[in-house]
Every structure is written in C-alpha cells, then in structure tokens.
$ cat upload.txt   # compact mmCIF, C-alpha atoms and all ligand atoms
# COMPACT_ATOMS: atom_id res chain seq x y z
CA MET A 10 1.82 -16.24 6.68
CA THR A 11 1.54 -18.07 3.40
CA GLY A 12 -0.41 -17.48 0.21
CA GLY A 13 -2.40 -20.57 1.04
CA ALA A 14 -3.39 -19.21 4.46
CA LEU A 15 -4.76 -16.04 2.84
CA GLY A 16 -6.65 -17.97 0.16
CA LEU A 17 -4.50 -16.33 -2.50
CA ALA A 18 -4.13 -17.53 -6.06
CA VAL A 19 -0.37 -16.87 -6.35
CA ARG A 20 2.32 -19.03 -4.89
CA LEU A 21 4.68 -16.62 -3.17
CA SER A 22 8.45 -16.90 -3.42
CA PRO A 23 10.31 -17.49 -0.15
CA LYS A 24 11.53 -13.87 -0.14
CA GLN A 25 8.02 -12.57 -0.77
CA GLU A 26 6.70 -14.69 2.10
CA ARG A 27 9.44 -13.48 4.39
CA SER A 28 8.90 -9.84 3.44
CA ILE A 29 5.21 -10.15 4.28
CA ALA A 30 5.83 -11.95 7.56
CA GLU A 31 8.45 -9.43 8.72
CA SER A 32 6.81 -6.18 7.66
CA ASN A 33 5.50 -5.20 11.07
CA ALA A 34 7.32 -1.89 11.55
CA ARG A 35 5.78 1.58 11.48
CA LEU A 36 7.31 1.99 8.03
CA ASN A 37 7.88 -0.98 5.71
CA ILE A 38 9.77 -0.53 2.47
CA TRP A 39 10.08 -3.07 -0.32
CA GLN A 40 13.33 -2.56 -2.21
CA GLY A 41 14.89 -4.75 -4.87
CA ALA A 42 15.34 -5.57 -8.52
CA ILE A 43 12.71 -4.60 -11.03
CA ARG A 44 10.05 -7.32 -11.45
CA SER A 45 11.27 -9.14 -8.36
CA GLY A 46 7.76 -9.25 -6.89
CA LYS A 47 7.86 -6.19 -4.60
CA THR A 48 4.50 -4.78 -5.68
CA ILE A 49 2.67 -8.08 -5.32
CA ALA A 50 4.20 -8.85 -1.91
CA SER A 51 3.60 -5.34 -0.55
CA LEU A 52 0.01 -5.32 -1.86
CA LEU A 53 -0.72 -8.64 -0.15
CA ARG A 54 0.71 -7.23 3.09
CA TRP A 55 -1.50 -4.17 2.66
CA LEU A 56 -4.57 -6.40 2.21
CA ALA A 57 -3.77 -8.21 5.45
CA PHE A 58 -3.32 -4.83 7.16
CA VAL A 59 -6.62 -3.46 5.83
CA ALA A 60 -8.44 -6.60 6.97
CA ASN A 61 -7.46 -5.80 10.58
CA ALA A 62 -6.93 -2.05 10.41
CA PRO A 63 -7.94 0.17 13.32
CA ARG A 64 -11.27 1.94 12.80
CA GLY A 65 -10.09 5.29 14.12
CA GLY A 66 -8.50 6.77 11.02
CA SER A 67 -8.31 6.86 7.26
CA LEU A 68 -6.77 4.20 5.08
CA ILE A 69 -4.92 5.84 2.21
CA ILE A 70 -3.31 4.77 -1.05
CA VAL A 71 -0.86 7.22 -2.55
CA GLY A 72 0.68 7.15 -6.00
CA LYS A 73 2.01 9.41 -8.69
CA THR A 74 -1.11 9.62 -10.88
CA ALA A 75 -4.58 8.08 -11.03
CA ASP A 76 -3.36 5.97 -13.94
CA THR A 77 -0.35 4.52 -12.14
CA ILE A 78 -2.46 3.80 -9.04
CA SER A 79 -5.02 2.04 -11.18
CA ARG A 80 -2.43 0.01 -13.09
CA ASN A 81 0.06 -0.77 -10.32
CA VAL A 82 -2.28 -1.18 -7.36
CA PHE A 83 -5.83 -2.01 -8.42
CA ASP A 84 -5.13 -4.14 -11.49
CA PRO A 85 -3.25 -6.70 -9.35
CA LEU A 86 -5.58 -6.35 -6.32
CA MET A 87 -8.66 -6.97 -8.48
CA ASP A 88 -7.08 -9.83 -10.43
CA PRO A 89 -8.47 -13.17 -9.19
CA ALA A 90 -5.34 -14.85 -10.57
CA ILE A 91 -3.44 -12.97 -7.83
CA THR A 92 -5.78 -12.31 -4.93
CA GLY A 93 -8.22 -15.20 -5.51
CA PRO A 94 -11.65 -14.74 -3.90
CA LEU A 95 -10.57 -11.46 -2.27
CA ALA A 96 -10.53 -9.81 -5.72
CA ALA A 97 -14.33 -9.66 -5.68
CA ARG A 98 -14.22 -7.68 -2.42
CA ILE A 99 -12.19 -4.83 -3.93
CA SER A 100 -13.75 -2.10 -6.04
CA TYR A 101 -12.27 0.98 -7.63
CA THR A 102 -13.11 3.17 -10.61
CA ARG A 103 -10.11 4.85 -12.21
CA GLY A 104 -9.91 8.47 -11.11
CA ALA A 105 -12.36 8.08 -8.19
CA PRO A 106 -11.33 9.67 -4.85
CA THR A 107 -12.08 6.52 -2.87
CA ALA A 108 -12.06 2.75 -3.29
CA THR A 109 -13.46 -0.09 -1.22
CA ILE A 110 -11.15 -2.84 0.01
CA LEU A 111 -12.59 -5.68 2.11
CA GLY A 112 -15.49 -3.48 3.18
CA ARG A 113 -13.30 -0.52 4.20
CA LYS A 114 -13.30 2.83 2.43
CA VAL A 115 -9.82 3.74 1.20
CA GLU A 116 -8.84 7.28 0.20
CA ILE A 117 -6.99 7.50 -3.11
CA ILE A 118 -4.44 10.28 -3.38
CA SER A 119 -2.63 11.03 -6.58
CA CYS A 120 0.33 13.36 -6.17
CA ALA A 121 -0.24 14.77 -9.65
CA ASP A 122 -3.46 16.23 -8.24
CA ALA A 123 -2.82 19.74 -6.86
CA ARG A 124 -5.31 19.11 -4.03
CA ALA A 125 -3.45 16.01 -2.81
CA GLU A 126 -1.45 17.77 -0.11
CA THR A 127 -4.51 19.59 1.26
CA ARG A 128 -6.50 16.36 1.37
CA LEU A 129 -3.65 14.57 3.16
CA ARG A 130 -3.25 17.36 5.71
CA GLY A 131 -6.87 17.00 6.79
CA MET A 132 -6.68 13.26 7.45
CA THR A 133 -6.06 11.24 10.56
CA CYS A 134 -4.22 8.33 9.14
CA ALA A 135 -4.56 4.70 10.23
CA GLY A 136 -2.38 3.33 7.41
CA VAL A 137 -0.93 4.28 4.05
CA TYR A 138 0.17 2.27 1.02
CA VAL A 139 2.57 4.19 -1.23
CA ASP A 140 3.16 2.99 -4.77
CA GLU A 141 6.59 3.68 -6.27
CA SER A 142 7.70 5.84 -3.39
CA THR A 143 10.88 6.98 -5.15
CA LEU A 144 8.70 9.01 -7.51
CA LEU A 145 7.17 11.15 -4.78
CA GLU A 146 8.49 14.60 -3.93
CA ARG A 147 9.90 15.60 -0.55
CA PRO A 148 6.95 17.84 0.48
CA PHE A 149 4.68 14.81 0.31
CA TRP A 150 6.81 12.98 2.89
CA ASP A 151 6.77 15.98 5.21
CA VAL A 152 2.98 15.82 5.30
CA ALA A 153 2.59 12.05 5.24
CA LEU A 154 5.25 11.30 7.84
CA PRO A 155 5.22 14.04 10.48
CA PRO A 156 7.80 13.66 13.25
CA ARG A 157 6.67 11.03 15.69
CA ARG A 158 5.75 12.25 19.16
CA GLN A 159 6.55 10.00 22.12
CA PRO A 160 4.52 8.42 23.54
CA ARG A 161 2.23 8.28 20.55
CA PRO A 162 -1.47 7.97 21.30
CA GLY A 163 -3.93 6.36 18.96
CA PRO A 164 -3.40 3.87 16.18
CA ARG A 165 0.04 3.07 14.83
CA VAL A 166 0.73 4.15 11.33
CA ARG A 167 1.54 1.20 9.13
CA GLN A 168 2.86 1.79 5.73
CA GLY A 169 3.54 -0.49 2.84
CA ILE A 170 5.98 1.47 0.80
CA GLU A 171 7.64 0.29 -2.33
CA GLU A 172 11.23 0.75 -3.22
CA GLY A 173 13.52 3.43 -1.82
CA VAL A 174 12.90 6.87 -0.42
CA HIS A 175 14.61 10.21 -0.82
CA ARG A 176 15.92 10.50 2.71
CA PRO A 177 16.33 8.34 5.78
CA LEU A 178 12.92 8.10 7.39
CA VAL A 179 13.52 5.98 10.45
N1 LIG A 201 4.54 -15.02 -6.53
C1 LIG A 201 4.28 -14.73 -7.79
N2 LIG A 201 3.83 -15.68 -8.66
C2 LIG A 201 3.58 -15.39 -9.94
N3 LIG A 201 3.73 -14.17 -10.50
C3 LIG A 201 4.18 -13.17 -9.70
C4 LIG A 201 4.48 -13.40 -8.33
N4 LIG A 201 4.92 -12.22 -7.79
C5 LIG A 201 4.87 -11.32 -8.77
N5 LIG A 201 4.43 -11.88 -9.93
C6 LIG A 201 4.30 -11.22 -11.25
O1 LIG A 201 5.60 -10.82 -11.68
C7 LIG A 201 5.57 -9.53 -12.27
C8 LIG A 201 6.47 -8.58 -11.48
O2 LIG A 201 6.00 -8.50 -10.15
P1 LIG A 201 5.90 -7.11 -9.35
O3 LIG A 201 5.39 -7.41 -8.00
O4 LIG A 201 5.14 -6.13 -10.16
O5 LIG A 201 7.46 -6.73 -9.33
P2 LIG A 201 8.19 -5.38 -8.85
O6 LIG A 201 7.19 -4.53 -8.12
O7 LIG A 201 9.30 -5.86 -7.98
O8 LIG A 201 8.71 -4.74 -10.11
C9 LIG A 201 4.10 -9.11 -12.28
O9 LIG A 201 3.55 -9.44 -13.52
C10 LIG A 201 3.48 -9.95 -11.17
O10 LIG A 201 2.10 -10.17 -11.39
MG MG A 202 6.57 -2.57 -8.48
$ encode --input "upload.txt" --output "structure tokens"
Amino acid sequence: MTGGALGLAVRLSPKQERSIAESNARLNIWQGAIRSGKTIASLLRWLAFVANAPRGGSLIIVGKTADTISRNVFDPLMDPAITGPLAARISYTRGAPTATILGRKVEIISCADARAETRLRGMTCAGVYVDESTLLERPFWDVALPPRRQPRPGPRVRQGIEEGVHRPLV
C-alpha cells in the first residue's frame, strides 16, 4: 500500500510504507526513534483499518488526555497536508466523547478521565488505536487486552499502538 494508493498528501518513507503493509497482526506496535514517523504511519494504518472495520463493535481511540489525543491524533488526521481529501471526512471537537472518521463513530477515551476504565469495560471492541502507549498504566491494558480465548468468535481486534508497552503482550 502506498501513499498514492490512499490518495494521501504525504510521501511515505520506505520504512513507513513497510510498517503499514505489514501491520496485520492482532496487536501492531510502532517503535523507534523520536520523530521517525511512527505516529503518521500508525495513523494512516488506522485510517485504512477504519475504512474496512467490522460493524459489530466499537472503534476506540485511547490516549493519555483529551489534549494529547487532539494534538497527536486529530491534528494530523485532519490536516489535508497529511491525509489529503480524507481530512474532510474526519471530525472531532477537543474533549468530545466521540469523533467521526470516514463515516464511522469512534469512541474517544482519555486515561486521565476517571470514567475511562468503566467506559472501556462496557464496550465490545472492533479495533483500538492507542496513542503513546508507554504512557498508559497497567490496569488499562488489563481491561483493553483481556486474555484471548481460543477459538475466538466475532471480529478480530486490531490495534495500532505506538511505541513500547510495559509488559510482553503477545
Ligand atoms: N512521510 C512523511 N513526510 C513528511 N513529513 C512527515 C512524514 N512522516 C512524518 N512526518 C512529520 O514528521 C514529524 C514527526 O513525525 P511523527 O509521525 O510524529 O514521528 P514520531 O511519532 O515517530 O515521533 C511530524 O511533524 C510529521 O508530520
Ligand atoms: Mg509519535
């Protein structure tokens, strides 16, 4: 998949392209040097996921605070210099509990919000994007990534997760 194929405005680096093409696991983690393009690549992968996401569950974006979610996730997603014509199909108001991405409702969960864990517990999840995953506390992971039952019915959980995590997850 190339930036051109998605109608994107940015020209992706070879590593960004590869990371997007290969991120087909249940859990996908972007790890690397600061300002190496992890956020942009993982966000573009998330857009492609949302465009084809199963209808049977919630799409969720998780971050540390409403401000970091707005700055790290929605500023780039809604920037036509990055996402081209798709930018106009993304809407979010800072602090709102939901956003719209390519016609799909997306739940916004800020871990600084005391109700975040309760909201997460009640959701059937089709896919999650986690911004700056190293900043999230262990209890969040216990709720967001329950042990996987085999065989697993229903939609696969796909996650675009940035940078490292506190413990081995897979
Ligand atoms: N392919 C690209 N072309 C042009 N600018 C890019 C590209 N990828 C990322 N950027 C820009 O480079 C900066 C760092 O990218 P970012 O994805 O935020 O890095 P990281 O998450 O690894 O710290 C941002 O300003 C971003 O908009
Ligand atoms: Mg980043």
$ closest_residue --input "upload.txt" --among "A:Met87, A:Leu129, A:Val19, A:Ala135" --to "A:Asp151" --atoms "all atoms listed in the file"
A:Leu129
$ residues_near_ligand --input "upload.txt" --ligand "ligand MG 202 (chain A)" --cutoff "9 Å" --atoms "only C-alpha atoms and all ligand atoms" --output "ChimeraX atom specification"
/A:39,43-49,51,81,140-141,171-172
$ closest_residue --input "upload.txt" --among "A:Ala62, A:Val82, A:Leu68, A:Leu154" --to "ligand LIG 201 (chain A)" --atoms "all atoms listed in the file"
A:Val82
$ closest_residue --input "upload.txt" --among "A:Ala75, A:Ala90, A:Ile99, A:Ile69" --to "A:Val115" --atoms "all atoms listed in the file"
A:Ile69
$ atom_distance --input "upload.txt" --atom1 "atom CA of A:Arg80" --atom2 "atom CA of A:Gly66"
25.8 Å
$ closest_residue --input "upload.txt" --among "A:Arg35, A:Ser119, A:Gly112, A:Arg147" --to "A:Arg64" --atoms "only C-alpha atoms"
A:Gly112
$ atom_distance --input "upload.txt" --atom1 "atom CA of A:Arg103" --atom2 "atom CA of A:Thr77"
9.8 Å
$ atom_distance --input "upload.txt" --atom1 "atom CA of A:Ala97" --atom2 "atom CA of A:Ser28"
25.0 Å
$ residues_around --input "upload.txt" --residues "A:Ala121" --least-positions-apart "6" --cutoff "9 Å" --atoms "only C-alpha atoms" --output "list in words"
Gly72, Lys73, Thr74 and Ala75 of chain A
$ closest_residue --input "upload.txt" --among "A:Pro85, A:Pro63, A:Gly104, A:Pro148" --to "ligand LIG 201 (chain A)" --atoms "only C-alpha atoms and all ligand atoms"
A:Pro85
$ closest_residue --input "upload.txt" --among "A:Thr133, A:Ala153, A:Ile38, A:Val71" --to "ligand LIG 201 (chain A)" --atoms "all atoms listed in the file"
A:Ile38
